[in-house]
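Q: There's a structure below that I have some questions on.
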Amino acid sequence: MNSITARITALLKATKKLVLGCKNSIIPDDGSVEIIGAFAFNGCTGAKSITIPEVIKELGYMAFARTDFEELIVPQSVELIGESCFTLNPRLINITIKNKCTKISDIAFGTKTEKVEYFKVDFDKYNSDNLKIYAPANSTTIAYAQKFNISYEEI
């Protein structure tokens with residue numbers, strides 16, 4: 001391992017951040033990773049879902065954007081879902097967010113409301129109108145779904 005690789009590896013271990021994933025990635029559940037970094041799985045295709053372990057606390061900017069994922073379960077440990085985290089996912093139809101108090105960026109899903117101001121793309125082509133969010137009753141996630149007129153069900 002050269003010195004640059006060693007320094008990057010040390011930095012990633014110190015920050016506990018996953019910076020790159022793919023369809024075959026298994027996110028460690030031993031506490032060595034607590035943050036799925038910006039763009040980590042962006043553009044990942046060829047997988048219908050991924051397991052996010054209970055030790056993850058944050059999902060970064062566009063972390064799961066432009067994927068083929070159809071279903072995602074966000075564990076109770078996740079406290080923050082970043083901007084555009086799940087946007088531009090035409091196949092994403094089910095997402096469960098288990099933490100009642102997870103903070104969700106207003107543009108986490110690339111909702112229709114943001115289409116003109118933020119993405120300037122054809123929303124219907126890149127986002128699923130069939131998206132359904134599953135979350136605890138009276139949670140920040142349910143409030144988010146109501147705010148942006150996204151189908152939801154309380155769990």
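Residues in the structure tokens are named by chain (A, B, ... in the order shown) and by number from 1 within that chain; ligands are numbered from 1 in the order shown.
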Fewer than 3 positions away in the same chain doesn't count, so skip those; otherwise give me all residues within 6 Å of Ile93 in chain A, counting only C-alpha atoms, as a VMD selection string.
A: chain A and resid 70 130 to 132
Q: Which neighbours of Ala108 in chain A fall inside 7 Å, counting only C-alpha atoms, when residues of the same chain fewer than 3 positions from it are skipped, and could you give them as a PyMOL selection string?
A: chain A and resi 81-87+104-105
Q: Mind writing the picked residues with N, CA, C and O atoms as a compact mmCIF listing (two decimals), in the first residue's frame?
A:
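After the write, again.txt holds the following:
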```
# COMPACT_ATOMS: atom_id res chain seq x y z
N ILE A 81 -31.09 11.93 6.62
CA ILE A 81 -31.10 11.56 5.21
C ILE A 81 -30.83 12.84 4.43
O ILE A 81 -31.60 13.80 4.50
N GLY A 82 -29.73 12.85 3.70
CA GLY A 82 -29.26 14.05 3.02
C GLY A 82 -30.02 14.41 1.76
O GLY A 82 -30.84 13.64 1.24
N GLU A 83 -29.69 15.57 1.24
CA GLU A 83 -30.30 16.09 0.02
C GLU A 83 -30.15 15.12 -1.14
O GLU A 83 -29.09 14.52 -1.34
N SER A 84 -31.21 14.95 -1.87
CA SER A 84 -31.24 14.14 -3.09
C SER A 84 -30.80 12.70 -2.88
O SER A 84 -30.43 12.02 -3.83
N CYS A 85 -30.85 12.24 -1.66
CA CYS A 85 -30.36 10.90 -1.33
C CYS A 85 -30.98 9.81 -2.20
O CYS A 85 -30.29 8.91 -2.66
N PHE A 86 -32.29 9.90 -2.43
CA PHE A 86 -32.99 8.85 -3.18
C PHE A 86 -33.57 9.36 -4.50
O PHE A 86 -34.47 8.75 -5.06
N THR A 87 -33.09 10.44 -5.01
CA THR A 87 -33.69 11.04 -6.19
C THR A 87 -33.27 10.33 -7.48
O THR A 87 -32.27 9.62 -7.52
N ILE A 104 -35.07 14.47 7.50
CA ILE A 104 -35.03 14.21 6.06
C ILE A 104 -34.94 15.54 5.32
O ILE A 104 -35.78 16.42 5.51
N SER A 105 -33.95 15.67 4.47
CA SER A 105 -33.83 16.86 3.64
C SER A 105 -35.07 17.02 2.78
O SER A 105 -35.64 16.04 2.31
```
Q: Nearest to Leu92 in chain A: which of A:Leu72, A:Ala135, A:Leu20, A:Ala143 is it, counting only C-alpha atoms?
A: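 Among A:Leu72, A:Ala135, A:Leu20, A:Ala143, it is A:Leu72 that comes nearest to Leu92 in chain A.
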Q: Figure out the distance between CA of Val33 in chain A and CA of Lys17 in chain A, please, to one decimal in Å.
A: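 Going from CA of Lys17 in chain A over to CA of Val33 in chain A, I get 5.4 Å.
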Q: Could you pull the residues within 7 Å of range 52-61 of chain A, counting only C-alpha atoms, minus those fewer than 4 positions along the same chain, as a list in words?
A: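 Within the cut-off, the hits are Ile27, Asp29, Gly31, Val33, Glu34, Ile35, Ile36, Gly37, Ala38, Phe39, Ile73, Val74, Pro75, Gln76, Ser77, Val78, Glu79, Leu80, Ile81, Gly82, Glu83, Ser84 and Cys85 of chain A.
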Q: One decimal, in Å: what's the spacing between CA of Asn42 in chain A and CA of Phe64 in chain A?
A: 5.1 Å
Q: For Pro136 in chain A, which of A:Cys101, A:Ala40, A:Val19, A:Ile26 is the closest residue, counting only C-alpha atoms?
A: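 Distance minimum relative to Pro136 in chain A lands on A:Cys101.
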Q: What's the separation between CA of Glu71 in chain A and CA of Cys22 in chain A, in Å to one decimal place?
A: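 For CA of Glu71 in chain A relative to CA of Cys22 in chain A, the distance reads 15.7 Å.
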Q: Apply DSSP to the structure's backbone, then extract all residues of range 19-146 of chain A labelled strand (DSSP E or B) and return them as a ChimeraX atom specification.
A: /A:35-36,51,58-59,71-74,80-81,94-97,103-104,132-135
Q: Taking into account only C-alpha atoms, which residue in the set A:Leu18, A:Ala145, A:Ile133, A:Ile95 is nearest to Ser49 in chain A?
A: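 Going through A:Leu18, A:Ala145, A:Ile133, A:Ile95 one by one, the smallest distance to Ser49 in chain A is for A:Ile95.
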Q: Which polymer residues have any atom within 8 Å of an atom of Ser139 in chain A, counting only C-alpha atoms, with same-chain residues fewer than 6 positions away left out, as a PDB file with N, CA, C and O atoms, in the first residue's frame?
A:
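Saved as selection.pdb:
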```pdb
ATOM      1  N   ASN A  99     -36.856   4.962  11.876  1.00  0.00           N
ATOM      2  CA  ASN A  99     -36.651   5.911  12.971  1.00  0.00           C
ATOM      3  C   ASN A  99     -37.736   6.974  12.949  1.00  0.00           C
ATOM      4  O   ASN A  99     -37.944   7.641  11.938  1.00  0.00           O
ATOM      5  N   LYS A 100     -38.400   7.145  14.062  1.00  0.00           N
ATOM      6  CA  LYS A 100     -39.503   8.108  14.152  1.00  0.00           C
ATOM      7  C   LYS A 100     -39.028   9.553  14.003  1.00  0.00           C
ATOM      8  O   LYS A 100     -39.785  10.428  13.594  1.00  0.00           O
ATOM      9  N   CYS A 101     -37.767   9.812  14.330  1.00  0.00           N
ATOM     10  CA  CYS A 101     -37.260  11.186  14.341  1.00  0.00           C
ATOM     11  C   CYS A 101     -36.190  11.454  13.287  1.00  0.00           C
ATOM     12  O   CYS A 101     -35.456  12.436  13.386  1.00  0.00           O
ATOM     13  N   THR A 102     -36.071  10.618  12.299  1.00  0.00           N
ATOM     14  CA  THR A 102     -35.073  10.838  11.263  1.00  0.00           C
ATOM     15  C   THR A 102     -35.306  12.194  10.595  1.00  0.00           C
ATOM     16  O   THR A 102     -36.424  12.501  10.180  1.00  0.00           O
TER      17      THR A 102
END
```
